[in-house]
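Structure data follow from start.csv (CSV, C-alpha atoms):
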```csv
chain,number,residue,atom,x,y,z
M,1244,MET,CA,-40.8,-1.2,63.5
M,1245,THR,CA,-42.8,0.2,66.4
M,1246,ASN,CA,-40.7,2.0,69.0
M,1247,VAL,CA,-42.0,-0.2,71.7
M,1248,SER,CA,-40.0,-3.0,70.2
M,1249,ALA,CA,-36.9,-0.8,69.4
M,1250,SER,CA,-34.9,-1.8,72.5
M,1251,VAL,CA,-31.4,-2.9,71.4
M,1252,PRO,CA,-30.6,-5.2,74.3
M,1253,VAL,CA,-34.1,-6.5,74.9
M,1254,VAL,CA,-35.3,-7.1,71.3
M,1255,LEU,CA,-32.6,-6.5,68.6
M,1256,GLN,CA,-29.7,-8.3,70.2
M,1257,PRO,CA,-31.7,-11.6,70.7
M,1258,ALA,CA,-33.0,-11.2,67.1
M,1259,GLY,CA,-29.5,-10.5,65.7
M,1260,LEU,CA,-27.9,-7.1,65.4
M,1261,GLU,CA,-26.6,-7.7,61.9
M,1262,SER,CA,-30.1,-8.7,60.7
M,1263,SER,CA,-31.4,-5.5,62.2
M,1264,ILE,CA,-29.2,-3.1,60.3
M,1265,GLY,CA,-31.4,-0.6,58.4
M,1266,LEU,CA,-34.5,-1.0,60.4
M,1267,LEU,CA,-36.5,2.2,60.7
M,1268,SER,CA,-38.4,3.3,63.8
M,1269,CYS,CA,-39.2,6.5,65.7
M,1270,GLY,CA,-38.9,7.7,69.2
M,1271,TRP,CA,-39.5,10.6,71.6
M,1272,ALA,CA,-37.6,9.5,74.6
M,1273,LYS,CA,-33.8,9.6,75.0
M,1274,ASP,CA,-32.0,6.2,74.7
M,1275,PRO,CA,-29.9,5.8,77.8
M,1276,LEU,CA,-27.4,3.7,75.8
M,1277,ASP,CA,-26.9,6.4,73.1
M,1278,PRO,CA,-23.5,8.0,73.6
M,1279,ALA,CA,-24.9,11.3,72.2
M,1280,PHE,CA,-26.5,11.8,75.6
M,1281,GLU,CA,-23.5,10.8,77.8
M,1282,ASN,CA,-23.2,14.3,79.2
M,1283,ASP,CA,-26.8,15.3,78.9
M,1284,PRO,CA,-28.2,17.0,82.1
M,1285,GLY,CA,-31.5,15.1,81.9
M,1286,MET,CA,-29.6,11.8,81.5
M,1287,ASN,CA,-27.3,12.6,84.5
M,1288,GLU,CA,-30.2,12.9,86.9
M,1289,TYR,CA,-31.9,9.8,85.5
M,1290,LEU,CA,-31.9,6.8,87.8
M,1291,PRO,CA,-28.2,6.5,88.6
M,1292,GLY,CA,-27.1,2.9,89.2
M,1293,GLU,CA,-30.2,1.4,87.5
M,1294,ASP,CA,-30.2,-1.0,84.6
M,1295,VAL,CA,-30.8,1.6,81.9
M,1296,ARG,CA,-31.2,-1.1,79.2
M,1297,ARG,CA,-34.9,-1.3,80.3
M,1298,PRO,CA,-36.7,1.3,78.1
M,1299,SER,CA,-39.6,1.5,80.6
M,1300,PHE,CA,-37.4,3.5,83.0
M,1301,ALA,CA,-37.2,6.4,80.6
M,1302,TYR,CA,-40.9,6.5,80.0
M,1303,GLY,CA,-41.7,6.2,83.8
M,1304,TYR,CA,-39.2,9.0,84.5
M,1305,ASN,CA,-40.9,11.3,82.0
M,1306,SER,CA,-44.3,10.4,83.3
M,1307,ALA,CA,-43.2,11.2,86.9
M,1308,GLY,CA,-41.8,14.5,85.7
M,1309,ALA,CA,-45.2,15.4,84.1
M,1310,LEU,CA,-47.0,14.5,87.2
M,1311,ILE,CA,-44.7,16.7,89.3
M,1312,GLN,CA,-45.5,19.6,87.0
M,1313,VAL,CA,-49.2,19.0,87.3
M,1314,LEU,CA,-49.0,18.9,91.1
M,1315,LYS,CA,-46.9,22.1,91.2
M,1316,GLN,CA,-49.5,23.9,89.0
M,1317,ALA,CA,-52.3,22.6,91.1
M,1318,GLY,CA,-50.9,24.0,94.3
M,1319,ASN,CA,-52.8,23.2,97.5
M,1320,ASP,CA,-56.0,22.3,95.7
M,1321,LEU,CA,-55.6,18.6,95.0
M,1322,SER,CA,-59.2,18.0,94.0
M,1323,ARG,CA,-59.8,15.8,90.9
M,1324,GLU,CA,-61.3,18.8,89.1
M,1325,ASN,CA,-58.2,21.0,89.7
M,1326,ILE,CA,-55.8,18.2,88.9
M,1327,MET,CA,-57.6,17.5,85.6
M,1328,ARG,CA,-57.6,21.3,84.9
M,1329,HIS,CA,-53.9,21.4,85.1
M,1330,ALA,CA,-53.2,18.0,83.6
M,1331,THR,CA,-55.1,19.2,80.5
M,1332,ASN,CA,-53.3,22.5,80.3
M,1333,LEU,CA,-49.7,21.6,80.0
M,1334,ARG,CA,-47.8,24.0,77.6
M,1335,ASP,CA,-44.4,23.3,76.1
M,1336,LEU,CA,-43.3,21.2,79.1
M,1337,GLU,CA,-39.8,19.9,78.6
M,1338,LEU,CA,-39.0,16.7,80.4
M,1339,PRO,CA,-35.5,15.4,81.2
M,1340,MET,CA,-35.8,12.2,79.1
M,1341,LEU,CA,-37.6,13.6,76.1
M,1342,LEU,CA,-35.5,14.0,72.9
M,1343,PRO,CA,-34.3,17.6,72.2
M,1344,GLY,CA,-37.2,19.7,70.9
M,1345,ILE,CA,-40.0,17.4,72.0
M,1346,LYS,CA,-42.4,19.0,74.4
M,1347,VAL,CA,-45.5,18.0,76.2
M,1348,ASN,CA,-48.7,19.9,75.4
M,1349,THR,CA,-52.2,19.0,76.5
M,1350,SER,CA,-55.6,20.7,76.3
M,1351,PRO,CA,-59.1,19.9,77.6
M,1352,THR,CA,-60.0,18.4,74.2
M,1353,ASP,CA,-56.6,16.7,73.5
M,1354,TYR,CA,-55.0,14.5,76.2
M,1355,TRP,CA,-52.3,13.1,73.8
M,1356,ALA,CA,-49.3,14.7,75.6
M,1357,VAL,CA,-46.5,14.0,73.1
M,1358,GLN,CA,-47.3,14.7,69.5
M,1359,GLN,CA,-43.8,14.9,68.0
M,1360,LEU,CA,-41.4,12.1,67.2
M,1361,GLN,CA,-37.9,11.6,65.7
M,1362,LEU,CA,-37.3,9.1,62.9
M,1363,MET,CA,-34.3,6.8,63.5
M,1364,ARG,CA,-32.4,4.0,61.7
M,1365,PHE,CA,-30.5,1.1,63.3
M,1366,ASP,CA,-26.9,1.0,62.2
M,1367,GLY,CA,-26.0,-2.3,63.8
M,1368,LYS,CA,-25.0,-0.9,67.1
M,1369,ARG,CA,-27.5,1.8,68.0
M,1370,TRP,CA,-30.4,3.9,66.7
M,1371,VAL,CA,-29.3,6.9,64.7
M,1372,ARG,CA,-31.8,9.8,64.6
M,1373,PHE,CA,-32.3,11.6,61.3
M,1374,GLY,CA,-34.3,14.3,59.8
M,1375,ASP,CA,-36.4,17.0,61.5
M,1376,LEU,CA,-39.0,16.2,64.2
M,1377,VAL,CA,-42.3,15.0,62.8
M,1378,TYR,CA,-45.4,16.7,64.2
M,1379,ASP,CA,-49.0,15.6,64.6
M,1380,GLU,CA,-50.8,18.9,64.8
```
Can you dump the structure from the file as C-alpha cells?
Amino acid sequence: MTNVSASVPVVLQPAGLESSIGLLSCGWAKDPLDPAFENDPGMNEYLPGEDVRRPSFAYGYNSAGALIQVLKQAGNDLSRENIMRHATNLRDLELPMLLPGIKVNTSPTDYWAVQQLQLMRFDGKRWVRFGDLVYDE
C-alpha cells in the first residue's frame, strides 16, 4: 500500500488491524509511534506534546529542517536566484525525522529530494522495517 495511507491510527485501525497483517509498504520518515525510535535524538526534539499519530507532522518537520539548511547556506542573500541555487545543491543532508541512512540530495536537474526508501511490513501492531534501503539513482 502507498505510504501515504500507512498510518496505523488514521487508516489501519479503522480498517481493522487484524485484516491489515502482512500488508507491505515503504517509508522514509520515522514513525513517531515506533518504539524503535523511543530514545532517538531526532524524535526527542520532534514536536513535544503534539498528537504524533498524525503523519503529516513528521513530513512537515523534515521539510522545515530542509528549509532551515537552505537558508543557512544562502546566508544574507535571500534572492530567489540564490535560494534556488542552494535548494538545488543539497548534499547528504540528514534530517531528524528521516529513517536512518536516508539523506536529502538535490541538483539543478533533479529536485526530487528523497530518493531512498525502506520496505516495511505490518505485523498487526506496527510497521516493521526489513531489508536494505532501496535507492532510485
All residues 10 Å or closer to Leu1336 (chain M), only C-alpha atoms, same chain fewer than 6 positions away omitted, as a PDB file with C-alpha atoms, keeping the file's coordinate frame:
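That gives us out_16.pdb:
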```
ATOM      1  CA  GLY M1308     -41.800  14.500  85.700  1.00  0.00           C
ATOM      2  CA  ALA M1309     -45.200  15.400  84.100  1.00  0.00           C
ATOM      3  CA  GLN M1312     -45.500  19.600  87.000  1.00  0.00           C
ATOM      4  CA  ILE M1345     -40.000  17.400  72.000  1.00  0.00           C
ATOM      5  CA  LYS M1346     -42.400  19.000  74.400  1.00  0.00           C
ATOM      6  CA  VAL M1347     -45.500  18.000  76.200  1.00  0.00           C
ATOM      7  CA  ASN M1348     -48.700  19.900  75.400  1.00  0.00           C
ATOM      8  CA  THR M1349     -52.200  19.000  76.500  1.00  0.00           C
ATOM      9  CA  ALA M1356     -49.300  14.700  75.600  1.00  0.00           C
ATOM     10  CA  VAL M1357     -46.500  14.000  73.100  1.00  0.00           C
TER      11      VAL M1357
END
```
Legend entry - Nearest to Cys1269 (chain M), chosen from M:Ala1301, M:Val1247, M:Ile1311, M:Leu1255, with all atoms listed in the file counted in the distances: M:Val1247
Inset, instruction - Can you pull out every residue within 12 Å of Leu1310 (chain M), counting all atoms listed in the file, but drop anything in the same chain fewer than 4 positions away, and send it as a list in words? - result: Gly1303, Tyr1304, Asn1305, Ser1306, Leu1314, Lys1315, Gln1316, Ala1317, Ile1326, Met1327, His1329, Ala1330, Thr1331, Leu1333, Leu1336, Leu1338, Val1347 and Ala1356 of chain M
Legend entry - Distance query Tyr1289 (chain M) at most 12 Å, only C-alpha atoms, self and fewer than 2 positions along chain excluded, as a list in words: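 So the residues in contact are Lys1273, Asp1274, Pro1275, Phe1280, Glu1281, Asn1282, Asp1283, Pro1284, Gly1285, Met1286, Asn1287, Pro1291, Gly1292, Glu1293, Asp1294, Val1295, Phe1300, Ala1301, Tyr1302, Gly1303, Tyr1304, Asn1305, Ala1307, Gly1308, Leu1338, Pro1339, Met1340 and Leu1341 of chain M.
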Those residues you just picked out, can you put them in a file as a compact mmCIF listing (two decimals), in the frame of the given file with C-alpha atoms?
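This went into part19.txt:
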```txt
# COMPACT_ATOMS: atom_id res chain seq x y z
CA LYS M 1273 -33.80 9.60 75.00
CA ASP M 1274 -32.00 6.20 74.70
CA PRO M 1275 -29.90 5.80 77.80
CA PHE M 1280 -26.50 11.80 75.60
CA GLU M 1281 -23.50 10.80 77.80
CA ASN M 1282 -23.20 14.30 79.20
CA ASP M 1283 -26.80 15.30 78.90
CA PRO M 1284 -28.20 17.00 82.10
CA GLY M 1285 -31.50 15.10 81.90
CA MET M 1286 -29.60 11.80 81.50
CA ASN M 1287 -27.30 12.60 84.50
CA PRO M 1291 -28.20 6.50 88.60
CA GLY M 1292 -27.10 2.90 89.20
CA GLU M 1293 -30.20 1.40 87.50
CA ASP M 1294 -30.20 -1.00 84.60
CA VAL M 1295 -30.80 1.60 81.90
CA PHE M 1300 -37.40 3.50 83.00
CA ALA M 1301 -37.20 6.40 80.60
CA TYR M 1302 -40.90 6.50 80.00
CA GLY M 1303 -41.70 6.20 83.80
CA TYR M 1304 -39.20 9.00 84.50
CA ASN M 1305 -40.90 11.30 82.00
CA ALA M 1307 -43.20 11.20 86.90
CA GLY M 1308 -41.80 14.50 85.70
CA LEU M 1338 -39.00 16.70 80.40
CA PRO M 1339 -35.50 15.40 81.20
CA MET M 1340 -35.80 12.20 79.10
CA LEU M 1341 -37.60 13.60 76.10
```
Inset, instruction - Provide the CA of Ser1250 (chain M) to CA of Arg1364 (chain M) distance in Å, to one decimal place. - result: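 Between CA of Ser1250 (chain M) and CA of Arg1364 (chain M) the gap is 12.5 Å.
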Inset, instruction - Would you mind telling me which residue in M:Leu1321, M:Met1363, M:Val1254, M:Val1313 lies nearest to Ser1268 (chain M) when using only C-alpha atoms? - result: M:Met1363
Inset, instruction - Excluding Pro1351 (chain M) and any residue of its chain fewer than 2 positions from it, enumerate the residues within 7 Å of it, using all atoms listed in the file, and give them as a list in words. - result: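 Counting only the stated atoms, we get Thr1331, Asn1332, Asp1353 and Tyr1354 of chain M.
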Emit the selected residues as a PDB file, keeping the file's coordinate frame, including C-alpha atoms.
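File again00.pdb, as written:
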```pdb
ATOM      1  CA  THR M1331     -55.100  19.200  80.500  1.00  0.00           C
ATOM      2  CA  ASN M1332     -53.300  22.500  80.300  1.00  0.00           C
ATOM      3  CA  ASP M1353     -56.600  16.700  73.500  1.00  0.00           C
ATOM      4  CA  TYR M1354     -55.000  14.500  76.200  1.00  0.00           C
TER       5      TYR M1354
END
```
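Between CA of Met1244 (chain M) and CA of Leu1362 (chain M) lies a distance of 10.9 Å.
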Legend entry - Computed interatomic separation between CA of Trp1355 (chain M) and CA of Thr1245 (chain M) (Å):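 That distance, rounded to one decimal, is 17.6 Å.
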Legend entry - Minimum-distance residue to Ile1264 (chain M), chosen among M:Asp1366, M:Asp1320, M:Asp1335, M:Glu1288 (using only C-alpha atoms): M:Asp1366
Inset, instruction - Name the closest residue to Leu1267 (chain M) among the candidates M:Arg1372, M:Asp1379, M:Arg1328, M:Phe1365; distances are taken between atoms, counting all atoms listed in the file. - result: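 Once distances to Leu1267 (chain M) are computed over all atoms listed in the file, the minimum belongs to M:Phe1365.
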Coordinate excerpt as an mmCIF file, in the first residue's frame: region 1265-1322 of chain M, C-alpha atoms:
```cif
data_model
loop_
_atom_site.group_PDB
_atom_site.id
_atom_site.type_symbol
_atom_site.label_atom_id
_atom_site.label_comp_id
_atom_site.auth_asym_id
_atom_site.auth_seq_id
_atom_site.Cartn_x
_atom_site.Cartn_y
_atom_site.Cartn_z
ATOM 1 C CA GLY M 1265 1.113 -8.689 6.244
ATOM 2 C CA LEU M 1266 0.480 -5.508 4.272
ATOM 3 C CA LEU M 1267 3.599 -4.168 2.578
ATOM 4 C CA SER M 1268 4.530 -0.542 2.220
ATOM 5 C CA CYS M 1269 7.570 1.689 2.261
ATOM 6 C CA GLY M 1270 8.652 4.768 4.106
ATOM 7 C CA TRP M 1271 11.388 7.321 4.505
ATOM 8 C CA ALA M 1272 10.218 9.175 7.617
ATOM 9 C CA LYS M 1273 10.385 7.872 11.170
ATOM 10 C CA ASP M 1274 7.116 6.688 12.660
ATOM 11 C CA PRO M 1275 6.611 8.561 15.940
ATOM 12 C CA LEU M 1276 4.688 5.566 17.301
ATOM 13 C CA ASP M 1277 7.507 3.078 16.585
ATOM 14 C CA PRO M 1278 9.156 2.055 19.878
ATOM 15 C CA ALA M 1279 12.457 1.642 17.985
ATOM 16 C CA PHE M 1280 12.753 5.440 17.986
ATOM 17 C CA GLU M 1281 11.768 5.993 21.633
ATOM 18 C CA ASN M 1282 15.223 7.366 22.575
ATOM 19 C CA ASP M 1283 16.146 8.712 19.158
ATOM 20 C CA PRO M 1284 17.650 12.250 19.282
ATOM 21 C CA GLY M 1285 15.624 13.421 16.275
ATOM 22 C CA MET M 1286 12.447 12.064 17.828
ATOM 23 C CA ASN M 1287 13.160 13.751 21.161
ATOM 24 C CA GLU M 1288 13.217 17.214 19.574
ATOM 25 C CA TYR M 1289 10.142 16.491 17.450
ATOM 26 C CA LEU M 1290 7.057 18.474 18.488
ATOM 27 C CA PRO M 1291 6.837 17.505 22.169
ATOM 28 C CA GLY M 1292 3.259 17.437 23.384
ATOM 29 C CA GLU M 1293 1.710 17.170 19.910
ATOM 30 C CA ASP M 1294 -0.533 14.383 18.631
ATOM 31 C CA VAL M 1295 2.183 12.366 16.901
ATOM 32 C CA ARG M 1296 -0.368 9.988 15.378
ATOM 33 C CA ARG M 1297 -0.732 12.486 12.549
ATOM 34 C CA PRO M 1298 1.911 11.521 9.934
ATOM 35 C CA SER M 1299 1.886 14.992 8.380
ATOM 36 C CA PHE M 1300 3.797 16.313 11.406
ATOM 37 C CA ALA M 1301 6.897 14.229 10.572
ATOM 38 C CA TYR M 1302 6.833 15.337 6.935
ATOM 39 C CA GLY M 1303 6.371 18.977 7.907
ATOM 40 C CA TYR M 1304 9.191 18.747 10.447
ATOM 41 C CA ASN M 1305 11.584 17.360 7.826
ATOM 42 C CA SER M 1306 10.508 19.997 5.297
ATOM 43 C CA ALA M 1307 11.171 22.745 7.823
ATOM 44 C CA GLY M 1308 14.601 21.237 8.535
ATOM 45 C CA ALA M 1309 15.475 21.280 4.834
ATOM 46 C CA LEU M 1310 14.343 24.900 4.533
ATOM 47 C CA ILE M 1311 16.481 25.877 7.531
ATOM 48 C CA GLN M 1312 19.509 24.302 5.834
ATOM 49 C CA VAL M 1313 18.813 26.152 2.587
ATOM 50 C CA LEU M 1314 18.534 29.459 4.452
ATOM 51 C CA LYS M 1315 21.785 28.790 6.331
ATOM 52 C CA GLN M 1316 23.586 28.063 3.072
ATOM 53 C CA ALA M 1317 22.075 31.138 1.413
ATOM 54 C CA GLY M 1318 23.427 33.462 4.097
ATOM 55 C CA ASN M 1319 22.357 37.095 3.728
ATOM 56 C CA ASP M 1320 21.455 36.793 0.029
ATOM 57 C CA LEU M 1321 17.800 35.765 0.132
ATOM 58 C CA SER M 1322 17.152 36.447 -3.542
#
```
